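S.K.: Next up, input_33.cif (mmCIF, C-alpha atoms).
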data_structure
#
loop_
_atom_site.group_PDB
_atom_site.id
_atom_site.type_symbol
_atom_site.label_atom_id
_atom_site.label_comp_id
_atom_site.auth_asym_id
_atom_site.auth_seq_id
_atom_site.Cartn_x
_atom_site.Cartn_y
_atom_site.Cartn_z
ATOM 1 C CA MET A 161 -25.790 -6.202 6.560
ATOM 2 C CA SER A 162 -24.190 -4.745 3.417
ATOM 3 C CA SER A 163 -22.949 -1.708 5.358
ATOM 4 C CA HIS A 164 -20.987 -4.051 7.640
ATOM 5 C CA ILE A 165 -19.400 -5.828 4.658
ATOM 6 C CA GLY A 166 -17.936 -2.542 3.427
ATOM 7 C CA ARG A 167 -16.391 -1.973 6.827
ATOM 8 C CA LEU A 168 -14.887 -5.447 6.896
ATOM 9 C CA LEU A 169 -13.261 -5.182 3.463
ATOM 10 C CA THR A 170 -11.981 -1.622 3.714
ATOM 11 C CA PRO A 171 -9.332 -0.513 6.183
ATOM 12 C CA THR A 172 -10.253 2.747 7.838
ATOM 13 C CA LEU A 173 -8.331 5.517 9.513
ATOM 14 C CA ASP A 174 -8.827 6.504 13.122
ATOM 15 C CA ARG A 175 -7.895 9.925 14.454
ATOM 16 C CA GLN A 176 -5.771 9.720 17.581
ATOM 17 C CA LEU A 177 -4.580 12.491 19.820
ATOM 18 C CA VAL A 178 -0.781 12.475 19.786
ATOM 19 C CA LYS A 179 0.129 15.679 21.561
ATOM 20 C CA LYS A 180 -1.638 18.252 23.737
ATOM 21 C CA ARG A 181 0.126 21.525 24.450
ATOM 22 C CA ILE A 182 -1.145 24.091 26.947
ATOM 23 C CA THR A 183 0.336 27.572 26.705
ATOM 24 C CA GLU A 184 -0.312 30.241 29.303
ATOM 25 C CA LEU A 185 -0.705 33.660 27.724
ATOM 26 C CA GLU A 186 0.473 36.930 29.258
ATOM 27 C CA ASP A 187 -3.054 37.950 30.242
ATOM 28 C CA GLY A 188 -3.501 34.762 32.291
ATOM 29 C CA ARG A 189 -5.619 32.846 29.809
ATOM 30 C CA LYS A 190 -4.652 29.334 28.775
ATOM 31 C CA GLU A 191 -4.491 28.293 25.153
ATOM 32 C CA GLU A 192 -4.753 24.610 24.303
ATOM 33 C CA GLU A 193 -3.325 23.150 21.121
ATOM 34 C CA TYR A 194 -4.058 19.589 20.014
ATOM 35 C CA GLU A 195 -2.190 17.518 17.445
ATOM 36 C CA TYR A 196 -3.932 14.527 15.882
ATOM 37 C CA GLN A 197 -2.599 11.769 13.674
ATOM 38 C CA SER A 198 -4.434 9.393 11.324
ATOM 39 C CA VAL A 199 -3.742 5.771 12.177
ATOM 40 C CA VAL A 200 -4.756 2.768 10.061
ATOM 41 C CA ASN A 201 -6.843 0.506 12.254
ATOM 42 C CA ASP A 202 -6.017 -2.679 10.280
ATOM 43 C CA PRO A 203 -2.546 -2.536 8.677
ATOM 44 C CA GLU A 204 -2.679 -6.203 7.585
ATOM 45 C CA LEU A 205 -5.822 -5.583 5.527
ATOM 46 C CA LEU A 206 -4.265 -2.463 4.019
ATOM 47 C CA ALA A 207 -1.223 -4.503 2.962
ATOM 48 C CA LEU A 208 -3.483 -7.170 1.446
ATOM 49 C CA ASN A 209 -5.469 -4.549 -0.494
ATOM 50 C CA ARG A 210 -2.250 -2.957 -1.733
ATOM 51 C CA GLU A 211 -0.938 -6.343 -2.896
ATOM 52 C CA GLN A 212 -4.179 -7.138 -4.745
ATOM 53 C CA LEU A 213 -4.230 -3.743 -6.432
ATOM 54 C CA CYS A 214 -0.643 -4.176 -7.574
ATOM 55 C CA GLU A 215 -1.418 -7.594 -9.026
ATOM 56 C CA GLU A 216 -4.459 -6.259 -10.904
ATOM 57 C CA ALA A 217 -2.882 -2.964 -11.986
ATOM 58 C CA ILE A 218 -2.118 -4.111 -15.551
ATOM 59 C CA TYR A 219 -5.718 -5.209 -16.104
ATOM 60 C CA LYS A 220 -7.215 -2.107 -14.518
ATOM 61 C CA ARG A 221 -4.963 0.124 -16.613
ATOM 62 C CA GLN A 222 -6.008 -1.682 -19.785
ATOM 63 C CA MET A 223 -9.667 -1.304 -18.831
ATOM 64 C CA VAL A 224 -9.236 2.442 -18.294
ATOM 65 C CA VAL A 225 -7.386 2.832 -21.614
ATOM 66 C CA CYS A 226 -10.111 0.916 -23.494
ATOM 67 C CA THR A 227 -12.846 2.992 -21.865
ATOM 68 C CA MET A 228 -11.083 6.240 -22.763
ATOM 69 C CA GLU A 229 -10.650 5.083 -26.363
ATOM 70 C CA GLN A 230 -14.369 4.287 -26.531
ATOM 71 C CA MET A 231 -15.226 7.729 -25.129
ATOM 72 C CA CYS A 232 -12.984 9.430 -27.699
ATOM 73 C CA GLN A 233 -14.575 7.408 -30.509
ATOM 74 C CA CYS A 234 -18.050 8.291 -29.226
ATOM 75 C CA MET A 235 -17.216 12.016 -29.090
ATOM 76 C CA ASP A 236 -15.669 11.794 -32.566
ATOM 77 C CA ASP A 237 -18.807 10.123 -33.947
ATOM 78 C CA TYR A 238 -20.985 12.753 -32.293
ATOM 79 C CA LEU A 239 -18.987 15.630 -33.799
ATOM 80 C CA LYS A 240 -19.067 14.023 -37.258
ATOM 81 C CA ALA A 241 -22.830 13.533 -37.026
ATOM 82 C CA GLU A 242 -23.331 17.144 -35.929
ATOM 83 C CA ALA A 243 -21.168 18.461 -38.761
ATOM 84 C CA ASN A 244 -23.147 16.451 -41.330
ATOM 85 C CA SER A 245 -26.592 17.335 -39.994
ATOM 86 C CA SER A 246 -26.315 21.059 -39.186
ATOM 87 C CA GLY A 247 -27.770 23.196 -41.929
ATOM 88 C CA GLY A 248 -27.322 26.723 -40.639
ATOM 89 C CA ASP A 249 -25.987 28.713 -37.713
ATOM 90 C CA ASN A 250 -29.435 29.462 -36.265
ATOM 91 C CA GLU A 251 -30.621 25.869 -36.448
ATOM 92 C CA ARG A 252 -30.616 23.811 -33.238
ATOM 93 C CA PHE A 253 -28.212 20.912 -33.081
ATOM 94 C CA SER A 254 -30.016 17.816 -34.272
ATOM 95 C CA MET A 255 -28.400 15.644 -31.623
ATOM 96 C CA ALA A 256 -28.665 18.070 -28.697
ATOM 97 C CA TYR A 257 -30.164 16.644 -25.539
#
Output the structure of this file as structure tokens.

M.R.:
Amino acid sequence: MSSHIGRLLTPTLDRQLVKKRITELEDGRKEEEYEYQSVVNDPELLALNREQLCEEAIYKRQMVVCTMEQMCQCMDDYLKAEANSSGGDNERFSMAY
């Protein structure tokens, strides 16, 4: 049932044939060329998703910024710990995984 929920909440694209061109070559063979276009199967749902994302953009941006700051702090702490614990060049890093 969960696979159906994802389909209901997410607009998908369908590929539709828009143009078919048949060209006859000099040697008598026929060459077919197809042109496809991606079409949103539920434009109303796409508009709703876009509206919700726009409303939540400030919060999502803040969440990403906070997460990046935490990652930078974590990397900084790791580098400081490595610098304090390494004794020589041949010694393995004490915090290596």

S.K.: Can you translate the PyMOL selection byres ((chain A and resi 199-216) around 6) into the concrete residues it hits in this file, as a short mmCIF file (atom, residue, chain, number, x, y, z; two decimals) with C-alpha atoms, keeping the file's coordinate frame?

M.R.:
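Listed below is the output, selection11.cif:
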data_model
loop_
_atom_site.label_atom_id
_atom_site.label_comp_id
_atom_site.auth_asym_id
_atom_site.auth_seq_id
_atom_site.Cartn_x
_atom_site.Cartn_y
_atom_site.Cartn_z
CA PRO A 171 -9.33 -0.51 6.18
CA THR A 172 -10.25 2.75 7.84
CA LEU A 173 -8.33 5.52 9.51
CA ASP A 174 -8.83 6.50 13.12
CA SER A 198 -4.43 9.39 11.32
CA ALA A 217 -2.88 -2.96 -11.99
CA ILE A 218 -2.12 -4.11 -15.55
CA TYR A 219 -5.72 -5.21 -16.10
#

S.K.: Have a look at atom CA of Lys240 of chain A and atom CA of Val224 of chain A and let me know their distance in Å, one decimal.

M.R.: 24.3 Å

S.K.: List the spatial neighbours of Gln197 of chain A as an NGL selection string - criterion: any atom at most 9 Å away, all atoms listed in the file, same-chain residues fewer than 2 positions off excluded.

M.R.: :A and (174-178 or 195 or 199)

S.K.: Could you check how far atom CA of Cys226 of chain A sits from atom CA of Glu242 of chain A, in Å to one decimal?

M.R.: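 Computing it gives 24.3 Å between the two atoms.
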
S.K.: For atom CA of Ile182 of chain A and atom CA of Tyr196 of chain A, determine how far apart the two atoms are, in Å to one decimal place.

M.R.: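 Result for atom CA of Ile182 of chain A versus atom CA of Tyr196 of chain A: 14.9 Å, one decimal.
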